[in-house]
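Pasting input_39.cif here (mmCIF, C-alpha atoms):
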```
data_run
loop_
_atom_site.label_atom_id
_atom_site.label_comp_id
_atom_site.auth_asym_id
_atom_site.auth_seq_id
_atom_site.Cartn_x
_atom_site.Cartn_y
_atom_site.Cartn_z
CA MET A 18 0.88 5.15 0.75
CA ILE A 19 -0.60 4.13 4.08
CA SER A 20 0.63 0.70 4.99
CA ALA A 21 -2.38 -0.81 6.74
CA ILE A 22 -4.89 0.72 4.38
CA ILE A 23 -3.05 0.33 1.15
CA LYS A 24 -2.72 -3.47 1.34
CA PRO A 25 -5.04 -6.48 1.13
CA PHE A 26 -5.70 -6.78 4.92
CA PRO A 27 -4.56 -10.44 5.24
CA ILE A 28 -5.54 -11.01 8.87
CA PHE A 29 -9.27 -10.77 8.37
CA LYS A 30 -9.11 -12.69 5.07
CA PHE A 31 -11.47 -10.68 2.90
CA ALA A 32 -12.57 -12.37 -0.31
CA VAL A 33 -10.96 -11.79 -3.72
CA VAL A 34 -12.35 -10.21 -6.81
CA GLY A 35 -12.59 -10.25 -10.56
CA ALA A 36 -12.15 -6.94 -12.38
CA THR A 37 -10.81 -5.32 -15.51
CA ALA A 38 -7.07 -5.68 -16.01
CA LEU A 39 -6.72 -3.94 -19.34
CA LEU A 40 -5.59 -0.51 -18.19
CA PHE A 41 -2.21 -1.57 -16.90
CA ALA A 42 -1.75 -4.82 -18.80
CA ILE A 43 1.72 -5.15 -20.24
CA THR A 44 1.36 -5.04 -23.99
CA ALA A 45 3.36 -5.71 -27.12
CA HIS A 46 3.79 -1.94 -27.46
CA ALA A 47 6.26 -1.75 -24.56
CA GLN A 48 9.48 0.19 -25.02
CA LYS A 49 12.17 -1.49 -22.94
CA ALA A 50 15.32 0.23 -21.68
CA ASP A 51 18.80 -1.30 -21.73
CA PRO A 52 19.44 -2.51 -18.15
CA ASN A 53 23.20 -2.24 -18.69
CA ASP A 54 23.14 1.41 -19.74
CA PRO A 55 24.47 3.42 -16.73
CA ARG A 56 22.42 6.41 -17.82
CA ASN A 57 19.26 4.52 -16.91
CA ALA A 58 20.28 4.48 -13.24
CA GLU A 59 20.49 8.27 -13.33
CA ARG A 60 17.16 8.52 -15.15
CA GLY A 61 15.50 6.17 -12.66
CA ALA A 62 16.77 8.14 -9.68
CA GLU A 63 15.58 11.39 -11.23
CA MET A 64 12.13 9.94 -11.89
CA VAL A 65 11.79 8.85 -8.27
CA LYS A 66 12.77 12.36 -7.17
CA GLN A 67 10.07 13.76 -9.44
CA ALA A 68 7.51 11.34 -7.97
CA VAL A 69 8.44 12.38 -4.43
CA GLN A 70 8.20 16.05 -5.37
CA ALA A 71 4.79 15.43 -6.96
CA ARG A 72 3.59 13.76 -3.76
CA GLY A 73 4.68 16.72 -1.60
CA GLY A 74 8.46 16.87 -1.49
CA GLU A 75 9.95 17.32 1.96
CA ARG A 76 6.49 17.29 3.54
CA PHE A 77 5.93 13.80 2.12
CA LEU A 78 9.33 12.62 3.40
CA SER A 79 9.11 14.08 6.89
CA TYR A 80 5.73 13.25 8.44
CA THR A 81 6.05 10.87 11.41
CA SER A 82 2.46 9.81 12.05
CA ILE A 83 -0.71 9.55 10.02
CA MET A 84 -4.39 8.95 10.71
CA SER A 85 -6.76 8.06 7.88
CA THR A 86 -10.35 6.99 7.38
CA GLY A 87 -12.19 5.41 4.50
CA MET A 88 -14.04 2.41 3.13
CA PHE A 89 -12.69 -1.04 2.35
CA THR A 90 -14.64 -3.05 -0.23
CA PRO A 91 -14.07 -6.77 -0.81
CA PHE A 92 -15.29 -8.52 -3.95
CA ASP A 93 -16.33 -12.10 -4.55
CA LYS A 94 -16.30 -13.65 -8.04
CA GLY A 95 -16.45 -10.27 -9.70
CA MET A 96 -19.21 -8.90 -7.48
CA SER A 97 -18.75 -6.06 -5.02
CA GLN A 98 -19.47 -7.01 -1.42
CA ILE A 99 -20.58 -4.81 1.47
CA PRO A 100 -18.03 -2.02 2.16
CA VAL A 101 -16.74 -1.64 5.70
CA GLN A 102 -15.51 1.54 7.34
CA PHE A 103 -12.00 1.74 8.71
CA VAL A 104 -9.81 4.04 10.77
CA ASP A 105 -6.06 3.60 10.56
CA TRP A 106 -3.26 5.03 12.70
CA ILE A 107 0.44 4.73 11.90
CA VAL A 108 3.39 5.97 13.93
CA TYR A 109 6.63 5.46 12.05
CA PRO A 110 8.62 3.35 11.92
CA ASP A 111 6.67 0.32 13.16
CA LYS A 112 3.40 1.02 14.97
CA GLU A 113 0.02 0.54 13.33
CA ARG A 114 -3.59 0.11 14.40
CA THR A 115 -6.49 -0.50 12.00
CA GLU A 116 -10.13 -0.63 13.13
CA PHE A 117 -12.87 -2.02 10.89
CA GLY A 118 -16.54 -1.33 11.47
CA LYS A 119 -18.14 1.12 13.83
CA GLY A 120 -20.50 1.37 16.77
CA LYS A 121 -20.57 -1.23 19.52
CA LYS A 122 -17.66 -3.52 20.26
CA LYS A 123 -19.37 -6.51 18.65
CA ASN A 124 -19.37 -4.73 15.29
CA ARG A 125 -15.66 -3.89 15.33
CA ARG A 126 -12.45 -5.64 14.39
CA ILE A 127 -9.07 -4.31 15.45
CA GLN A 128 -5.62 -5.21 14.19
CA VAL A 129 -2.54 -3.81 15.97
CA ASN A 130 1.10 -4.31 15.06
CA VAL A 131 4.17 -3.03 16.86
CA GLY A 132 7.44 -4.18 15.35
CA LYS A 133 7.34 -7.97 15.18
CA THR A 134 4.47 -8.29 17.65
CA GLY A 135 0.73 -7.83 17.30
CA TRP A 136 -2.77 -8.59 18.55
CA VAL A 137 -6.26 -8.90 17.08
CA TYR A 138 -9.72 -8.20 18.49
CA ASP A 139 -12.75 -9.79 16.82
CA GLY A 140 -15.97 -8.23 18.10
CA GLU A 141 -18.27 -10.77 16.48
CA ALA A 142 -16.47 -13.70 18.13
CA GLU A 143 -15.65 -11.61 21.25
CA THR A 144 -12.02 -12.73 21.19
CA LEU A 145 -8.76 -10.96 21.94
CA LYS A 146 -5.67 -12.83 20.75
CA ASP A 147 -2.00 -12.37 19.97
CA GLN A 148 -1.28 -12.57 16.28
CA THR A 149 0.22 -15.78 14.98
CA ASP A 150 3.68 -15.85 13.43
CA LYS A 151 2.04 -16.14 10.02
CA GLN A 152 -0.16 -13.10 10.60
CA ILE A 153 2.82 -11.01 11.70
CA GLU A 154 4.79 -12.18 8.68
CA GLU A 155 1.92 -11.17 6.38
CA HIS A 156 1.78 -7.73 7.96
CA LEU A 157 5.54 -7.18 7.58
CA ASP A 158 5.30 -8.42 4.01
CA GLY A 159 2.61 -5.83 3.32
CA LEU A 160 4.84 -3.07 4.66
CA GLU A 161 7.61 -4.02 2.24
CA PHE A 162 5.36 -3.25 -0.73
CA ASP A 163 3.76 -0.09 0.63
CA ILE A 164 4.27 2.69 -1.92
CA ASP A 165 4.92 5.41 0.66
CA ARG A 166 7.56 3.38 2.47
CA ILE A 167 9.24 2.47 -0.82
CA LEU A 168 9.45 6.08 -2.04
CA ARG A 169 10.68 7.33 1.33
CA ALA A 170 13.28 4.55 1.57
CA VAL A 171 14.62 5.18 -1.94
CA SER A 172 14.88 8.91 -1.21
CA LYS A 173 16.83 8.39 2.01
CA ASP A 174 18.97 5.37 1.09
CA PRO A 175 21.27 5.79 -1.94
CA GLY A 176 22.13 2.08 -1.66
CA ILE A 177 18.75 1.01 -3.08
CA GLU A 178 19.17 0.17 -6.76
CA VAL A 179 16.91 2.18 -9.07
CA LYS A 180 16.81 2.07 -12.88
CA PHE A 181 14.67 3.45 -15.67
CA ALA A 182 13.16 0.29 -17.20
CA GLY A 183 11.40 1.78 -20.23
CA ARG A 184 7.82 2.70 -21.05
CA GLU A 185 4.60 0.71 -21.11
CA GLU A 186 1.43 1.55 -23.01
CA ILE A 187 -1.54 2.22 -20.73
CA ARG A 188 -3.97 3.07 -23.54
CA PRO A 189 -3.57 3.77 -27.28
CA GLY A 190 -1.09 6.62 -27.71
CA GLU A 191 -0.28 6.96 -23.99
CA ARG A 192 2.60 5.43 -22.09
CA ALA A 193 3.82 5.37 -18.50
CA ASP A 194 7.46 5.65 -17.41
CA VAL A 195 8.55 2.48 -15.61
CA VAL A 196 11.21 2.42 -12.88
CA SER A 197 12.62 -0.81 -11.47
CA ILE A 198 13.51 -0.71 -7.76
CA LYS A 199 15.57 -3.42 -6.10
CA LEU A 200 14.67 -3.44 -2.41
CA LYS A 201 17.00 -4.42 0.43
CA SER A 202 15.38 -7.86 0.41
CA GLU A 203 16.54 -8.28 -3.22
CA GLN A 204 12.88 -8.12 -4.29
CA ILE A 205 12.38 -6.11 -7.49
CA VAL A 206 9.28 -3.93 -7.91
CA TYR A 207 8.22 -1.95 -10.97
CA LEU A 208 6.83 1.51 -10.40
CA TRP A 209 4.70 3.00 -13.20
CA LEU A 210 4.68 6.81 -13.24
CA ASP A 211 2.42 9.26 -15.06
CA ARG A 212 4.65 11.06 -17.59
CA GLN A 213 2.81 14.37 -17.08
CA THR A 214 2.23 14.54 -13.31
CA HIS A 215 5.01 12.08 -12.26
CA LEU A 216 2.56 10.56 -9.75
CA PRO A 217 2.59 6.77 -9.17
CA MET A 218 0.03 4.91 -11.26
CA SER A 219 0.86 1.30 -10.45
CA LEU A 220 3.25 -0.89 -8.46
CA ILE A 221 3.93 -4.38 -9.85
CA TYR A 222 5.95 -7.26 -8.42
CA GLU A 223 6.10 -11.04 -8.41
CA LYS A 224 6.23 -13.32 -5.38
CA ASN A 225 6.52 -17.02 -4.73
CA ASP A 226 3.21 -17.75 -2.95
CA ASN A 227 3.20 -21.52 -3.34
CA GLY A 228 4.00 -20.73 -6.96
CA LEU A 229 4.94 -17.51 -8.74
CA THR A 230 2.19 -14.90 -8.56
CA LYS A 231 1.94 -11.39 -9.98
CA HIS A 232 0.76 -8.62 -7.67
CA GLU A 233 -0.29 -5.15 -8.73
CA THR A 234 -1.53 -2.07 -6.88
CA ARG A 235 -3.13 0.77 -8.86
CA TYR A 236 -3.55 4.36 -7.68
CA PHE A 237 -6.23 6.83 -8.83
CA GLN A 238 -7.59 10.34 -8.10
CA TYR A 239 -4.84 11.97 -6.06
CA ILE A 240 -6.04 14.49 -3.49
CA ASP A 241 -4.00 16.91 -1.38
CA TYR A 242 -4.19 16.30 2.38
CA ASP A 243 -2.06 18.46 4.66
CA GLY A 244 0.32 19.27 1.82
CA VAL A 245 0.79 15.67 0.62
CA LYS A 246 -1.03 14.00 -2.27
CA PHE A 247 -2.63 10.63 -1.58
CA PRO A 248 -4.66 8.49 -4.01
CA ASN A 249 -8.37 8.55 -3.27
CA ILE A 250 -8.80 5.06 -4.78
CA VAL A 251 -6.41 2.11 -4.50
CA ASP A 252 -7.08 -1.22 -6.20
CA TYR A 253 -5.25 -4.50 -5.55
CA TYR A 254 -4.79 -7.36 -8.03
CA ARG A 255 -3.31 -10.82 -7.91
CA ASP A 256 -2.62 -12.58 -11.21
CA GLY A 257 -4.85 -10.06 -12.97
CA VAL A 258 -7.81 -10.62 -10.63
CA GLN A 259 -8.78 -7.79 -8.32
CA SER A 260 -8.63 -8.62 -4.62
CA SER A 261 -9.91 -5.41 -3.00
CA ARG A 262 -10.52 -1.67 -3.24
CA VAL A 263 -9.80 1.07 -0.73
CA ASN A 264 -11.45 4.51 -0.82
CA ILE A 265 -9.72 7.12 1.31
CA GLN A 266 -12.03 9.70 2.87
CA SER A 267 -9.68 11.70 5.10
CA VAL A 268 -6.00 11.92 6.03
CA LYS A 269 -4.34 13.79 8.91
CA LEU A 270 -0.57 14.04 9.19
CA ASN A 271 1.37 14.31 12.46
CA ALA A 272 -1.80 14.17 14.54
CA PRO A 273 -1.19 13.19 18.19
CA VAL A 274 -1.48 9.42 18.65
CA SER A 275 -1.64 7.92 22.15
CA ASP A 276 0.55 4.89 22.95
CA GLU A 277 -2.55 3.32 24.52
CA LEU A 278 -3.91 2.64 21.04
CA PHE A 279 -1.18 0.05 20.48
CA THR A 280 -1.19 -1.59 23.92
CA LYS A 281 -3.03 -4.89 24.15
CA PRO A 282 -5.95 -4.59 26.64
CA ALA A 283 -6.07 -6.91 29.63
CA SER A 284 -9.33 -8.47 28.43
CA VAL A 285 -12.19 -8.13 25.94
CA LYS A 286 -14.06 -6.02 28.48
CA ALA A 287 -11.22 -3.49 28.45
CA ILE A 288 -11.57 -2.82 24.69
CA LYS A 289 -12.43 0.81 24.09
#
```

Can you turn what I pasted into structure tokens?
Amino acid sequence: MISAIIKPFPIFKFAVVGATALLFAITAHAQKADPNDPRNAERGAEMVKQAVQARGGERFLSYTSIMSTGMFTPFDKGMSQIPVQFVDWIVYPDKERTEFGKGKKKNRRIQVNVGKTGWVYDGEAETLKDQTDKQIEEHLDGLEFDIDRILRAVSKDPGIEVKFAGREEIRPGERADVVSIKLKSEQIVYLWLDRQTHLPMSLIYEKNDNGLTKHETRYFQYIDYDGVKFPNIVDYYRDGVQSSRVNIQSVKLNAPVSDELFTKPASVKAIK
């Protein structure tokens, strides 16, 4: 979906969370598909087309900017922490600004990325800094696993390898279709799709973060905004432990976005 919102916000280092992992846990009731069967490539591609159509079809593929608002909630040791408001602007392909908090400058945090550059404003500390190489890398890493960017890329690039991977049980008697997607980086992600609506339910992948870790993003309560369906709730997990939740409150597509939003101010006093 929305890259800055639908990710764990690494720059401000919100705490991680414990939560239920049963709904999408891989179980012994899985029905695997033969990876060498050429028909599974066709089935996988068709399932992605159905997912794109369910999200909004050409409208989903063609919007060039997006503005969204909502609440970000961190958790600590299984307990929900204080939610924080956010506003997020994206101009494709590589501009993004996310503001956390509201009111006076001291209550706000701003993260801006343009390509491989970025800056951060921390109102509490009253600092305005360029992002470090690590922070920029974390942002770009988050973009790679953004569900909207993945679906749009697969739809426009026939070179991305897609296969039907089988079905996984989500609850007794109900299964999700699973599609494996091999990204340009050679990273493989597994997209779980609702067999009735064809909407994404979960995105699962593994990464080497000082050791192999399993990451999962879950999507709930799709709502139509400007002709495109977005999940109202997005939950993030790492090794089965929830790291954050995002609640979307509004989405506007192709709204005018000024270039000034992405330009680093001359000083803290110039922050608007």

>> Residue by residue, what does the PyMOL selection byres ((chain A and resi 234-245) around 10) grab here? Present the result as a VMD selection string.
In response: chain A and resid 18 23 to 25 40 to 41 69 to 78 80 162 to 164 208 to 209 216 to 222 232 to 233 246 to 255 259 to 271

File dump, residues just selected, C-alpha atoms, as a PDB file, keeping the file's coordinate frame:
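As a result, part_2.pdb now contains:
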```
ATOM      1  CA  MET A  18       0.880   5.150   0.750  1.00  0.00           C
ATOM      2  CA  ILE A  23      -3.050   0.330   1.150  1.00  0.00           C
ATOM      3  CA  LYS A  24      -2.720  -3.470   1.340  1.00  0.00           C
ATOM      4  CA  PRO A  25      -5.040  -6.480   1.130  1.00  0.00           C
ATOM      5  CA  LEU A  40      -5.590  -0.510 -18.190  1.00  0.00           C
ATOM      6  CA  PHE A  41      -2.210  -1.570 -16.900  1.00  0.00           C
ATOM      7  CA  VAL A  69       8.440  12.380  -4.430  1.00  0.00           C
ATOM      8  CA  GLN A  70       8.200  16.050  -5.370  1.00  0.00           C
ATOM      9  CA  ALA A  71       4.790  15.430  -6.960  1.00  0.00           C
ATOM     10  CA  ARG A  72       3.590  13.760  -3.760  1.00  0.00           C
ATOM     11  CA  GLY A  73       4.680  16.720  -1.600  1.00  0.00           C
ATOM     12  CA  GLY A  74       8.460  16.870  -1.490  1.00  0.00           C
ATOM     13  CA  GLU A  75       9.950  17.320   1.960  1.00  0.00           C
ATOM     14  CA  ARG A  76       6.490  17.290   3.540  1.00  0.00           C
ATOM     15  CA  PHE A  77       5.930  13.800   2.120  1.00  0.00           C
ATOM     16  CA  LEU A  78       9.330  12.620   3.400  1.00  0.00           C
ATOM     17  CA  TYR A  80       5.730  13.250   8.440  1.00  0.00           C
ATOM     18  CA  PHE A 162       5.360  -3.250  -0.730  1.00  0.00           C
ATOM     19  CA  ASP A 163       3.760  -0.090   0.630  1.00  0.00           C
ATOM     20  CA  ILE A 164       4.270   2.690  -1.920  1.00  0.00           C
ATOM     21  CA  LEU A 208       6.830   1.510 -10.400  1.00  0.00           C
ATOM     22  CA  TRP A 209       4.700   3.000 -13.200  1.00  0.00           C
ATOM     23  CA  LEU A 216       2.560  10.560  -9.750  1.00  0.00           C
ATOM     24  CA  PRO A 217       2.590   6.770  -9.170  1.00  0.00           C
ATOM     25  CA  MET A 218       0.030   4.910 -11.260  1.00  0.00           C
ATOM     26  CA  SER A 219       0.860   1.300 -10.450  1.00  0.00           C
ATOM     27  CA  LEU A 220       3.250  -0.890  -8.460  1.00  0.00           C
ATOM     28  CA  ILE A 221       3.930  -4.380  -9.850  1.00  0.00           C
ATOM     29  CA  TYR A 222       5.950  -7.260  -8.420  1.00  0.00           C
ATOM     30  CA  HIS A 232       0.760  -8.620  -7.670  1.00  0.00           C
ATOM     31  CA  GLU A 233      -0.290  -5.150  -8.730  1.00  0.00           C
ATOM     32  CA  LYS A 246      -1.030  14.000  -2.270  1.00  0.00           C
ATOM     33  CA  PHE A 247      -2.630  10.630  -1.580  1.00  0.00           C
ATOM     34  CA  PRO A 248      -4.660   8.490  -4.010  1.00  0.00           C
ATOM     35  CA  ASN A 249      -8.370   8.550  -3.270  1.00  0.00           C
ATOM     36  CA  ILE A 250      -8.800   5.060  -4.780  1.00  0.00           C
ATOM     37  CA  VAL A 251      -6.410   2.110  -4.500  1.00  0.00           C
ATOM     38  CA  ASP A 252      -7.080  -1.220  -6.200  1.00  0.00           C
ATOM     39  CA  TYR A 253      -5.250  -4.500  -5.550  1.00  0.00           C
ATOM     40  CA  TYR A 254      -4.790  -7.360  -8.030  1.00  0.00           C
ATOM     41  CA  ARG A 255      -3.310 -10.820  -7.910  1.00  0.00           C
ATOM     42  CA  GLN A 259      -8.780  -7.790  -8.320  1.00  0.00           C
ATOM     43  CA  SER A 260      -8.630  -8.620  -4.620  1.00  0.00           C
ATOM     44  CA  SER A 261      -9.910  -5.410  -3.000  1.00  0.00           C
ATOM     45  CA  ARG A 262     -10.520  -1.670  -3.240  1.00  0.00           C
ATOM     46  CA  VAL A 263      -9.800   1.070  -0.730  1.00  0.00           C
ATOM     47  CA  ASN A 264     -11.450   4.510  -0.820  1.00  0.00           C
ATOM     48  CA  ILE A 265      -9.720   7.120   1.310  1.00  0.00           C
ATOM     49  CA  GLN A 266     -12.030   9.700   2.870  1.00  0.00           C
ATOM     50  CA  SER A 267      -9.680  11.700   5.100  1.00  0.00           C
ATOM     51  CA  VAL A 268      -6.000  11.920   6.030  1.00  0.00           C
ATOM     52  CA  LYS A 269      -4.340  13.790   8.910  1.00  0.00           C
ATOM     53  CA  LEU A 270      -0.570  14.040   9.190  1.00  0.00           C
ATOM     54  CA  ASN A 271       1.370  14.310  12.460  1.00  0.00           C
TER      55      ASN A 271
END
```

>> When the PyMOL selection byres ((chain A and resi 110) around 10) is applied to the structure above, which residues does it catch, written out as a PyMOL selection string?
In response: chain A and resi 81-82+107-109+111-113+131-132+166

>> If we count only C-alpha atoms and set the cut-off at 12 Å, which residues sit around Asp105 (chain A), ignoring sequence neighbours fewer than 4 positions away in its own chain? Please answer as a ChimeraX atom specification.
In response: /A:19-23,26,82-89,112-118,126-130,265-270,274,278-279

> Can you tell me how far CA of Ile187 (chain A) sits from CA of Glu63 (chain A), in Å to one decimal?
Replying inline: 21.6 Å

>> Which residues, named as in the file, does the PyMOL selection byres ((chain A and resi 191-205) around 7) pick out? Answer as a PyMOL selection string.
In response: chain A and resi 61+177-190+206-212+222

>> Between CA of Asp147 (chain A) and CA of Leu160 (chain A), what distance in Å does the model show, to one decimal?
In response: 19.2 Å

>> Report, in Å with one decimal, the straight-line distance from CA of Met64 (chain A) to CA of Asp51 (chain A).
In response: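 It comes out at 16.4 Å.
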
If I only have part of region 101-133 of chain A, can you fill in N, CA and C atoms and write it as a compact mmCIF listing (two decimals), in the coordinates of the input?
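Done, and the output landed in result15.txt:
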```
# COMPACT_ATOMS: atom_id res chain seq x y z
N VAL A 101 -16.86 -1.80 4.26
CA VAL A 101 -16.74 -1.64 5.70
C VAL A 101 -15.88 -0.42 5.98
N GLN A 102 -16.28 0.36 6.96
CA GLN A 102 -15.51 1.54 7.34
C GLN A 102 -14.23 1.13 8.06
N PHE A 103 -13.22 1.98 7.94
CA PHE A 103 -12.00 1.74 8.71
C PHE A 103 -11.41 3.06 9.20
N VAL A 104 -10.66 2.95 10.28
CA VAL A 104 -9.81 4.04 10.77
C VAL A 104 -8.43 3.44 10.97
N ASP A 105 -7.41 4.13 10.50
CA ASP A 105 -6.06 3.60 10.56
C ASP A 105 -5.11 4.63 11.16
N TRP A 106 -4.29 4.18 12.11
CA TRP A 106 -3.26 5.03 12.70
C TRP A 106 -1.90 4.39 12.45
N ILE A 107 -0.93 5.19 12.05
CA ILE A 107 0.44 4.73 11.90
C ILE A 107 1.36 5.71 12.60
N VAL A 108 2.28 5.19 13.39
CA VAL A 108 3.39 5.97 13.93
C VAL A 108 4.66 5.31 13.43
N TYR A 109 5.42 6.04 12.62
CA TYR A 109 6.63 5.46 12.05
C TYR A 109 7.70 5.30 13.14
N PRO A 110 8.51 4.23 13.08
CA PRO A 110 8.62 3.35 11.92
C PRO A 110 7.76 2.09 11.94
N ASP A 111 7.20 1.69 13.11
CA ASP A 111 6.67 0.32 13.16
C ASP A 111 5.42 0.12 13.99
N LYS A 112 4.64 1.18 14.22
CA LYS A 112 3.40 1.02 14.97
C LYS A 112 2.20 1.27 14.07
N GLU A 113 1.20 0.39 14.17
CA GLU A 113 0.02 0.54 13.33
C GLU A 113 -1.20 -0.09 13.99
N ARG A 114 -2.31 0.62 13.89
CA ARG A 114 -3.59 0.11 14.40
C ARG A 114 -4.66 0.39 13.34
N THR A 115 -5.40 -0.64 12.96
CA THR A 115 -6.49 -0.50 12.00
C THR A 115 -7.77 -1.04 12.63
N GLU A 116 -8.83 -0.22 12.63
CA GLU A 116 -10.13 -0.63 13.13
C GLU A 116 -11.11 -0.71 11.96
N PHE A 117 -11.84 -1.83 11.90
CA PHE A 117 -12.87 -2.02 10.89
C PHE A 117 -14.23 -2.00 11.57
N GLY A 118 -15.20 -1.39 10.88
CA GLY A 118 -16.54 -1.33 11.47
C GLY A 118 -16.69 -0.13 12.37
N LYS A 119 -17.87 -0.01 12.95
CA LYS A 119 -18.14 1.12 13.83
C LYS A 119 -19.19 0.72 14.85
N GLY A 120 -19.44 1.62 15.79
CA GLY A 120 -20.50 1.37 16.77
C GLY A 120 -20.02 0.52 17.92
N LYS A 121 -20.86 -0.42 18.34
CA LYS A 121 -20.57 -1.23 19.52
C LYS A 121 -19.40 -2.17 19.27
N LYS A 122 -18.84 -2.66 20.36
CA LYS A 122 -17.66 -3.52 20.26
C LYS A 122 -17.89 -4.75 19.41
N LYS A 123 -19.11 -5.28 19.40
CA LYS A 123 -19.37 -6.51 18.65
C LYS A 123 -19.33 -6.29 17.14
N ASN A 124 -19.41 -5.03 16.72
CA ASN A 124 -19.37 -4.73 15.29
C ASN A 124 -17.98 -4.30 14.81
N ARG A 125 -16.99 -4.39 15.67
CA ARG A 125 -15.66 -3.89 15.33
C ARG A 125 -14.63 -5.01 15.26
N ARG A 126 -13.62 -4.79 14.44
CA ARG A 126 -12.45 -5.64 14.39
C ARG A 126 -11.23 -4.74 14.47
N ILE A 127 -10.25 -5.13 15.24
CA ILE A 127 -9.07 -4.31 15.45
C ILE A 127 -7.82 -5.14 15.20
N GLN A 128 -6.91 -4.58 14.44
CA GLN A 128 -5.62 -5.21 14.19
C GLN A 128 -4.53 -4.23 14.61
N VAL A 129 -3.63 -4.66 15.48
CA VAL A 129 -2.54 -3.81 15.97
C VAL A 129 -1.22 -4.53 15.77
N ASN A 130 -0.25 -3.79 15.23
CA ASN A 130 1.10 -4.31 15.06
C ASN A 130 2.11 -3.32 15.60
N VAL A 131 3.05 -3.83 16.36
CA VAL A 131 4.17 -3.03 16.86
C VAL A 131 5.43 -3.85 16.62
N GLY A 132 6.25 -3.40 15.68
CA GLY A 132 7.44 -4.18 15.35
C GLY A 132 7.07 -5.57 14.88
N LYS A 133 7.62 -6.58 15.54
CA LYS A 133 7.34 -7.97 15.18
C LYS A 133 6.36 -8.61 16.15
```
